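Take a look at the structure below.
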Amino acid sequence: MRYVVLIAYAPGRWEAAGAEERQEFFDAHHAFERFVDERGRRLESAALCDADLATTIRHGEDGTPVVTDGPFVELTEQVGGYYDVELPDLDTAIAAAKLLPRSYTVEVRPTVQVEGYQSL
Amino acid sequence: MTSLPPHDPADLLARVVREEWGRLVSLLLARFRRLDLVEDALGDAVEAAARRWPQDGVPDNPVGWLHTTARRRILDRLRGEAMAQRKVPLLVVASEEGGVVRADPGDLVEDDLLRLVLMCSHPALDPAAASALTLRLVLGVGTPDVARLFLVPEPTMAARITRAKKKIVAAGIPFSVPSAAELPERLDVLAQTAYLAFTAGYAPGSGPDAVRTELAGEAIRLVRVVLGLRPGEPVLTALLALMLLQHSRRDARVDATGAIVLLPDQDRSRWHRDEVHEALALLDSAVLTGPVTVQTAGYAVQARIAAEHATAPDARSTRWDRVVAHYDTLLALAPTPSAQLARAVAVAESDGPRAGLAQLDGLDDQLPHSHRLPAVRAELLSRAGDDEGAHAAYALAISRCANDAERALLTARLEALDAAPG
């Protein structure tokens with residue numbers, strides 16, 4: 001199974017963290033990565049800039065694209081990073097997600113092969 | 001395999017479905033990993049049995065007959081798919097199990113049924129949907145009956161069950177027994193799933209009482225099935241005791257007209273004594289005397305409260321001091337407003353209505369929509385001689401109450417209060 005592990009946390013949380021807390025974040029991510037590597041594999045991952053740097057593009061009712069400043073949903077927690085991983089099942093993915101820093105809210109989403117679509 | 005005495009074919013079929021459905025589902029899932037096909041195929045097999053058994057006679061091994069018929073049905077469908085070159089996602093099965101093929105129900109591993117139960121009650125599923133799915137797949141309750149029991153229209157329930165099955169396959173919820181470290185947590189969730197079904201049946205929220213009793217009975221059956229697989233599991237032992245004690249009063253809870261009879265007024269000879277005795281034995285068992293989880297302790301202490309009522313020869317002999325002490329334990333585990341309200345009632349019985357009323361202070365903010373809080377206050381005010389205050393509290397309770405039988409009871413109390421010479 002391929003899952004995207006979406007990480008949400010309060011914007012500014014990282015900037016506010018001291019050296020010790022930052023080390024705890026690194027340790028937690030390393031624990032997650034080791035766990036995934038033992039049971040499956042990591043395909044991609046990235047930390048994202050805070051949502052105030054996001055730009056949203058959506059199409060208005062008349063079909064014209066509208067570009068706006070900010071994320072598509074304004075929430076207290078924003079997506080701040082992701083891992084794209086391959087793991088045997090949801091229980092393994094949940095066990096991995098539990099290793100990430102406790103201040104995160106983590107969403108595990110299976111990916112889907114869109115029928116009839118071949119990416120270039 | 002269970003040996004079945006000769007019977008009317010229809011009765012026997014109903015009994016086999018009731019007792020063996022979960023095993024058949026789990027066996028076919030282990031073999032084919034197709035949640036979408038297994039249930040349909042078993043349904044077809046039962047239909048075929050209903051037609052054939054009365055004509056051809058009941059087969060020597062009815063369970064084997066259903067299994068073989070369902071298996072053939074699935075193989076037909078798979079052949080059809082192979083011709084159409086369809087690729088359908090498979091249920092995730094723990095990797096070491098992948099290649100195992102089980103030929104017939106005879107060499108069935110009980111683990112399969114446990115896997116099915118844990119898959120259906122997975123925490124990644126919506127709890128209400130998980131409850132419904134467990135009744136459907138483990139206990140073989142038909143979708144129309146599941147809908148009736150949960151008081152929703154059949155298409156709604158069918159959609160809910162379909163969605164849960166879809167999530168299991170698409171999200172990769174595994175058909176497997178979790179590691180020893182994870183298992184207790186999963187059994188806790190399973191207990192919550194069973195208790196959700198039980199309380200949906202038991203608590204007088206809305207709907208007719210007979211249906212609620214039936215659902216509560218199914219929830220008890222589910223816990224018994226899993227306890228059969230995991231004998232002595234503390235959380236299930238405590239939960240079964242609690243359910244049995246509450247369920248034992250079912251025939252005394254309503255009178256001949258369907259009106260609710262409150263605990264002190266119930267005819268105790270109508271309580272199911274065998275169930276009370278079984279529950280008391282469960283509460284005394286060694287698995288509950290050692291250290292247990294918070295959830296287990298919560299079920300156990302609620303069961304002990306129910307046991308105080310069950311063992312009192314009449315309402316007046318209830319040991320309310322012990323009931324209050326049990327509520328103190330419960331509140332230390334989980335300080336919920338409903339437990340505080342129940343404790344206030346026990347205090348009133350133990351130390352008088354004024355003492356009980358004092359315990360209600362501060363609960364209004366926490367229970368702003370509850371009809372129970374003003375109903376309790378009304379009863380205690382009336383006992384304390386404040387008829388005016390009681391009248392107002394009854395009126396508020398009646399305006400908030402959504403259950404017909406309970407509202408009728410409250411209205412009767414208010415009328416009795418107003419009619420009494422003041």
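So you can find residues: chains in the structure tokens are A, B, ... in the order shown, residues in each start at 1, and ligands are numbered from 1 in order.
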For the interface of chain A with chain B (cut-off 9 Å, counting only C-alpha atoms), please tabulate each contacting residue of chain A alongside its nearest pair of atoms and their separation in Å to one decimal, rows sorted by chain and increasing number, as a tab-separated table.
```
residue	atom	partner	partner_atom	distance
A:Met1	CA	B:Gly172	CA	6.7
A:Tyr3	CA	B:Ala171	CA	8.5
A:Pro88	CA	B:Val92	CA	7.7
A:Asp89	CA	B:Gly172	CA	4.9
A:Leu90	CA	B:Gly172	CA	5.1
A:Asp91	CA	B:Ile173	CA	6.7
A:Val108	CA	B:Ala171	CA	8.9
A:Arg109	CA	B:Ala171	CA	7.2
A:Pro110	CA	B:Ala171	CA	5.4
A:Thr111	CA	B:Ala171	CA	8.6
A:Val112	CA	B:Ala170	CA	8.4
```
Residues just named, written with N, CA, C and O atoms as a compact mmCIF listing (two decimals), in the first residue's frame:
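File part.txt, as written:
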```txt
# COMPACT_ATOMS: atom_id res chain seq x y z
N MET A 1 0.84 -1.19 0.00
CA MET A 1 0.00 0.00 0.00
C MET A 1 0.88 1.25 0.00
O MET A 1 1.90 1.28 0.66
N TYR A 3 0.94 5.19 0.97
CA TYR A 3 0.24 6.19 1.78
C TYR A 3 0.99 7.51 1.72
O TYR A 3 2.22 7.54 1.67
N PRO A 88 3.06 -2.05 4.42
CA PRO A 88 2.16 -3.19 4.17
C PRO A 88 0.69 -2.90 4.40
O PRO A 88 -0.16 -3.38 3.65
N ASP A 89 0.35 -2.13 5.45
CA ASP A 89 -1.07 -1.93 5.73
C ASP A 89 -1.26 -0.70 6.61
O ASP A 89 -0.30 -0.06 7.04
N LEU A 90 -2.53 -0.38 6.87
CA LEU A 90 -2.85 0.83 7.63
C LEU A 90 -2.33 0.74 9.07
O LEU A 90 -1.90 1.75 9.62
N ASP A 91 -2.36 -0.46 9.66
CA ASP A 91 -1.87 -0.58 11.04
C ASP A 91 -0.39 -0.19 11.12
O ASP A 91 0.02 0.47 12.07
N VAL A 108 -3.25 10.11 7.62
CA VAL A 108 -2.72 9.06 6.75
C VAL A 108 -3.72 8.84 5.63
O VAL A 108 -4.88 8.54 5.89
N ARG A 109 -3.29 9.01 4.41
CA ARG A 109 -4.19 8.85 3.27
C ARG A 109 -3.63 7.84 2.29
O ARG A 109 -2.49 7.99 1.85
N PRO A 110 -4.41 6.83 1.93
CA PRO A 110 -3.94 5.94 0.87
C PRO A 110 -3.94 6.71 -0.46
O PRO A 110 -4.75 7.60 -0.65
N THR A 111 -3.02 6.36 -1.34
CA THR A 111 -3.02 6.99 -2.65
C THR A 111 -3.83 6.11 -3.60
O THR A 111 -4.09 4.95 -3.31
N VAL A 112 -4.23 6.68 -4.72
CA VAL A 112 -5.05 5.94 -5.65
C VAL A 112 -4.46 6.06 -7.06
O VAL A 112 -3.91 7.11 -7.42
```
| request: Identify, on the basis of only C-alpha atoms, every residue whose closest approach to stretch 73-81 of chain A does not exceed 12 Å; exclude the query and any residue fewer than 6 positions from it along the same chain; express the result as JSON, numbers by chain. | output: {"A": [4, 5, 6, 7, 8, 9, 10, 11, 12, 13, 14, 29, 44, 45, 46, 47, 48, 49, 50, 51, 52, 53, 54, 55, 56, 100, 103, 104, 105, 106, 107]}
Just write the chosen residues, C-alpha atoms, as a tab-separated table (two decimals), in the first residue's frame.
```tsv
chain	number	residue	atom	x	y	z
A	4	VAL	CA	0.82	9.92	2.01
A	5	VAL	CA	1.39	10.91	5.62
A	6	LEU	CA	0.25	14.52	5.96
A	7	ILE	CA	1.58	16.46	8.89
A	8	ALA	CA	-0.36	19.37	10.36
A	9	TYR	CA	0.80	21.68	13.10
A	10	ALA	CA	0.23	25.19	14.38
A	11	PRO	CA	2.06	27.75	12.18
A	12	GLY	CA	5.06	29.28	13.90
A	13	ARG	CA	5.49	26.23	16.14
A	14	TRP	CA	8.87	25.36	14.66
A	29	HIS	CA	11.40	12.12	12.57
A	44	GLU	CA	9.31	11.27	-1.14
A	45	SER	CA	9.06	13.75	1.68
A	46	ALA	CA	9.19	17.48	2.28
A	47	ALA	CA	8.62	20.08	4.93
A	48	LEU	CA	6.42	22.91	3.64
A	49	CYS	CA	6.71	26.65	4.23
A	50	ASP	CA	4.01	28.04	6.50
A	51	ALA	CA	0.60	28.53	4.92
A	52	ASP	CA	0.96	32.33	4.78
A	53	LEU	CA	3.24	31.71	1.80
A	54	ALA	CA	0.60	29.61	0.03
A	55	THR	CA	-1.17	30.72	-3.14
A	56	THR	CA	-4.52	29.20	-4.03
A	100	LEU	CA	6.21	11.61	14.84
A	103	SER	CA	2.52	18.33	18.68
A	104	TYR	CA	1.60	17.15	15.18
A	105	THR	CA	-1.77	16.08	13.96
A	106	VAL	CA	-1.11	13.44	11.32
A	107	GLU	CA	-3.42	12.34	8.54
```
| Residue neighbourhood B:Ala48, 10 Å, only C-alpha atoms, exclusion window fewer than 6 positions, as a list in words |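 That gives Leu42, Leu66, Thr69 and Ala70 of chain B.
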| query | Among stretch 97-322 of chain B, which residues carry a DSSP assignment of helix (DSSP H, G or I), reported as a VMD selection string? | reply | chain B and resid 97 105 to 107 111 to 120 127 to 137 143 to 149 154 to 171 183 to 202 209 to 229 234 to 247 250 to 252 263 to 265 268 to 270 273 to 284 286 to 288 294 to 311 315 to 317 320 to 322
| remark: atom CA of B:Val138 sits from atom CA of B:Arg249 at a separation of 26.3 Å
| field | Atom-to-atom span, atom CA of B:Asp364 and atom CA of B:Ala408, Å | value | 23.2 Å
| So which residues touch stretch 295-299 of chain B within 8 Å, counting only C-alpha atoms, skipping near sequence neighbours fewer than 4 positions away, as a list of chain:residue names? | B:Asp188, B:Pro234, B:Val235, B:Leu236, B:Ala238, B:Leu239, B:Leu242, B:Ala303, B:Leu330, B:Leu333, B:Ala334
| task | Give the strand (DSSP E or B) residues of stretch 36-261 of chain B, as DSSP finds them on the backbone, and put them as JSON, numbers by chain. | result | {"B": [93, 175, 254, 260]}
| request: Please provide the set of residues having any atom within 12 Å of B:Arg52, restricted to only C-alpha atoms, with same-chain residues fewer than 6 positions apart removed, written as a list in words. | output: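 Listed by chain and then number, they are Pro9, Ala10, Leu13, Ala45, Val46, Val58, Pro59, Pro62, Trp65, Leu66 and Thr69 of chain B.
Excluding B:Ala412 itself and same-chain residues fewer than 3 positions from it, the residues having an atom within 12 Å of it are Ala259, Ile260, His391, Tyr394, Ala395, Ile398, Ala405, Glu406, Arg407, Ala408, Leu409, Glu415, Ala416, Leu417, Asp418 and Ala419 of chain B, counting only C-alpha atoms.
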Save out the residues we just selected, C-alpha atoms, as a PDB file, in the first residue's frame.
```
ATOM      1  CA  ALA B 259     -44.847   2.653  29.794  1.00  0.00           C
ATOM      2  CA  ILE B 260     -41.477   2.870  31.539  1.00  0.00           C
ATOM      3  CA  HIS B 391     -43.640  21.763  38.901  1.00  0.00           C
ATOM      4  CA  TYR B 394     -40.953  18.809  35.493  1.00  0.00           C
ATOM      5  CA  ALA B 395     -42.209  21.268  32.854  1.00  0.00           C
ATOM      6  CA  ILE B 398     -40.941  17.453  29.555  1.00  0.00           C
ATOM      7  CA  ALA B 405     -42.359   6.681  26.795  1.00  0.00           C
ATOM      8  CA  GLU B 406     -40.162   8.806  29.035  1.00  0.00           C
ATOM      9  CA  ARG B 407     -42.160  11.958  28.331  1.00  0.00           C
ATOM     10  CA  ALA B 408     -45.366  10.110  29.195  1.00  0.00           C
ATOM     11  CA  LEU B 409     -43.826   9.108  32.515  1.00  0.00           C
ATOM     12  CA  GLU B 415     -50.079  15.522  36.880  1.00  0.00           C
ATOM     13  CA  ALA B 416     -49.809  13.503  40.082  1.00  0.00           C
ATOM     14  CA  LEU B 417     -47.892  16.358  41.698  1.00  0.00           C
ATOM     15  CA  ASP B 418     -50.486  18.970  40.646  1.00  0.00           C
ATOM     16  CA  ALA B 419     -53.379  16.758  41.763  1.00  0.00           C
TER      17      ALA B 419
END
```
| request: In Å, rounded to a single decimal, give me how far atom CA of B:Ala378 is from atom CA of B:Glu349. | output: 14.5 Å
| With only C-alpha atoms as the basis for distance, which of B:Leu183, B:Met157, B:Ala384, B:Val169 is at the shortest distance from B:Leu118? | B:Leu183
| task | Mind checking which residues fall within 12 Å of A:Asp37, counting only C-alpha atoms, ignoring those fewer than 3 positions away in the same chain, and posting them as a ChimeraX atom specification? | result | /A:30-34,40-43,85-88,92-93,96
